[in-house]
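One structure is given below, encoded as structure tokens.
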Amino acid sequence: MSPSLLSLVFVATLLASLAVKFWLATRQMRHVAAHRDAVPAAFAETVTLQAHQKAADYTLAKARFGLLGTAFGAALLVGWTLLGGLDQLNGAVRELVLPRWGEMAYQLALLGAFTLIGGLLDLPFDLYSTFRIEHRFGFNRMTWRLYLADMLKGLLVGAAVGLPIAALILWIMGATGAMWWLWAWLAWMGFNVLILVLYPTVIAPLFNKFEPLSDESLKARVQSLMARCGFAAKGLFVMDGSRRSAHANAYFTGFGAAKRVVFFDTLLSKLTPGEVEAVLAHELGHFKHKHVQKRIASMFAISLAGFALLGWLSTQSWFYTAFGVQPSLDAPNDALALLLFLLVVPVFGFFVSPVFARFSRKHEFEADAYACAQADGRDLAGALLKLHEDNAATLTPDPLYVRFYYSHPPASERLAALSHQAG
Ligand SMILES: [Zn+2]
């Protein structure tokens, strides 16, 4: 393929995705603003005007800031690729590291430098979102001290986990011949399974405290639900989510016999025991319908396709030159190909994302239906409303915006489906 044609296709796709993103965000903001003054009829008795307006303002603030982030991300992407940022970084790192420490160190240093620079450029956005937007709406509980400690720990864990797997994949790319992508994919899958095993017991406790659920009556209730659903878990834990944020959640972690149920303390403080049970029944519904397995299987399939594509692209010189990078003749280009791939592919992937969002929304309805069968549907409806209000999620999103982005159906649709099942 001609490099200049590919550059053109890339720029056109990037501009098209930007146009779609801005158009959708504008629609969403207009829709939310237009409905700000009245609570929708279906919620008139359960949601106050004040809560409704807070949700509208929070949604608008996040959407506006999101647009800034989108514009910055696109400019940065062009800076890294067509304007030669990655090429310059690569040249500097290669000159500095390659003669002294060799090929592997050079490639790891390139990945590390890129990740650090990317993280630093993202930092102002994250700070503004945490300490301004989340703070303004009363969600942030993070102190500066905790923020810095998190960042430091995140860096160390990222290096401890990321460098070995990066080194392994780079080694496979260089040492196993034309079919390297298949071996690299296998290594990547093995790594993901390992993280799944290590996350609940080794990584998550570095950031949060986990204590066994001590409320005996809730415990009995949850255990009887799990027995009813034929579900075994190794323990019920409460996590101090309130250290960082007022947002509430519950999740399953680990797999096989080592599964754990984790409740945020914020969730337990806001919901009644019946509502907690209904939320858990919803999560069990995801397991019963094998949503988790389906998600993992599709992730495996997509990454296989990705590695195969990268296996081919990395051998084509136009793949580098089209995106502003000169491949080296005297050093491996594997880290460079990896970075370029990770930068460029999401631009094309954006247009496929609604398909995944659609599946996800379908799964949510299925899990809700399961929860209705195993617990009280009215409790689930009550919990959904509380969580919605607590997260200041808008009750009046733009329908098209929902189709494109929402992984969960809007509250109005979920509650309508629930009342349908109950009646
Ligand atoms: Zn769900």
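Following the order of the structure tokens, first chain is A, next is B, and so on, with residues numbered from 1 inside each chain and ligands from 1 in the order they appear.
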Interface rows for chain A against ligand 1: nearest pair, Å to one decimal, 9 Å, only C-alpha atoms and all ligand atoms, as a Markdown table:
| residue | atom | partner | partner_atom_place_in_ligand_line | distance |
| --- | --- | --- | --- | --- |
| A:Val279 | CA | ligand 1 | 1 (Zn) | 8.7 |
| A:His282 | CA | ligand 1 | 1 (Zn) | 6.2 |
| A:Glu283 | CA | ligand 1 | 1 (Zn) | 5.8 |
| A:Gly285 | CA | ligand 1 | 1 (Zn) | 8.0 |
| A:His286 | CA | ligand 1 | 1 (Zn) | 6.6 |
| A:Ser360 | CA | ligand 1 | 1 (Zn) | 8.4 |
| A:Arg361 | CA | ligand 1 | 1 (Zn) | 8.5 |
| A:His363 | CA | ligand 1 | 1 (Zn) | 7.1 |
| A:Glu364 | CA | ligand 1 | 1 (Zn) | 4.8 |
| A:Phe365 | CA | ligand 1 | 1 (Zn) | 8.1 |
| A:Glu366 | CA | ligand 1 | 1 (Zn) | 8.7 |
| A:Ala367 | CA | ligand 1 | 1 (Zn) | 6.2 |
| A:Asp368 | CA | ligand 1 | 1 (Zn) | 7.5 |
| A:His408 | CA | ligand 1 | 1 (Zn) | 7.3 |
(message) List as a ChimeraX atom specification the protein and nucleic acid residues near range 369-379 of chain A, meaning an atom at most 7 Å away when only C-alpha atoms are counted, but skip any in the same chain fewer than 5 places from it.
(response) /A:274-275,277-278,281-282,285,418,422
For C-alpha atoms, I'd like the residues from the last selection saved as a CSV table (one decimal), in the first residue's frame.
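Okay, again-v9.csv is ready:
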chain,number,residue,atom,x,y,z
A,274,GLY,CA,-33.2,-6.5,50.2
A,275,GLU,CA,-31.7,-4.0,47.7
A,277,GLU,CA,-29.5,-8.9,47.6
A,278,ALA,CA,-31.2,-7.8,44.4
A,281,ALA,CA,-28.7,-11.3,42.1
A,282,HIS,CA,-28.2,-9.1,39.1
A,285,GLY,CA,-27.4,-13.2,36.4
A,418,LEU,CA,-38.7,-4.5,35.5
A,422,ALA,CA,-43.2,-7.8,38.0
(message) Let's see if you can do this: from backbone DSSP, list all helix (DSSP H, G or I) residues in range 236-360 of chain A, as a ChimeraX atom specification.
(response) /A:241-243,256-258,265-270,273-288,291-313,317-321,334-360
(request) Select, from A:Ala56, A:Leu340, A:Leu83, A:Leu225, the residue with the minimum atom-to-atom distance to Pro327 in chain A, counting only C-alpha atoms. (result) A:Leu340
(request) Considering only C-alpha atoms, return as a ChimeraX atom specification whatever protein or nucleic-acid residues lie within 12 Å of range 165-168 of chain A, sequence-local ones (same chain, fewer than 5 positions apart) excluded. (result) /A:103-112,158-160,173-176,180,183-192,194-195,334-335,338-339
(message) Using only C-alpha atoms for the distances, tell me which of A:Ser129, A:Ser217, A:Asn90, A:Thr394 is nearest to Arg36 in chain A.
(response) A:Thr394
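The two atoms in question, CA of Leu76 in chain A and CA of Leu116 in chain A, are spaced 14.3 Å apart.
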(request) Extract, using only C-alpha atoms, all DNA, RNA and protein residues at most 12 Å from Phe72 in chain A, discarding same-chain residues fewer than 5 positions from it, and format them as a ChimeraX atom specification. (result) /A:18,65-67,77-79,118,121-122,124-125
(message) Which residues are near Val157 in chain A? Cut-off 12 Å, only C-alpha atoms, ignore same chain within fewer than 6 positions. Put them as an MDAnalysis selection string.
(response) chainID A and resid 150:151 163:164 195 199 202:204 206:207
(message) When you count only C-alpha atoms, which of these residues is closest to Met142 in chain A: A:Val193, A:Ala42, A:Ala331, A:Ala246?
(response)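 Using only C-alpha atoms, Met142 in chain A sits closest to A:Ala246.
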(request) Using only C-alpha atoms, determine which residues lie at most 12 Å from Arg243 in chain A, disregarding the query and same-chain residues fewer than 5 positions distant; provide the list as a ChimeraX atom specification. (result) /A:139-143,145-147,150,207-209,248,264-266
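In this structure, CA of Ala233 in chain A sits 13.5 Å away from CA of Phe263 in chain A.
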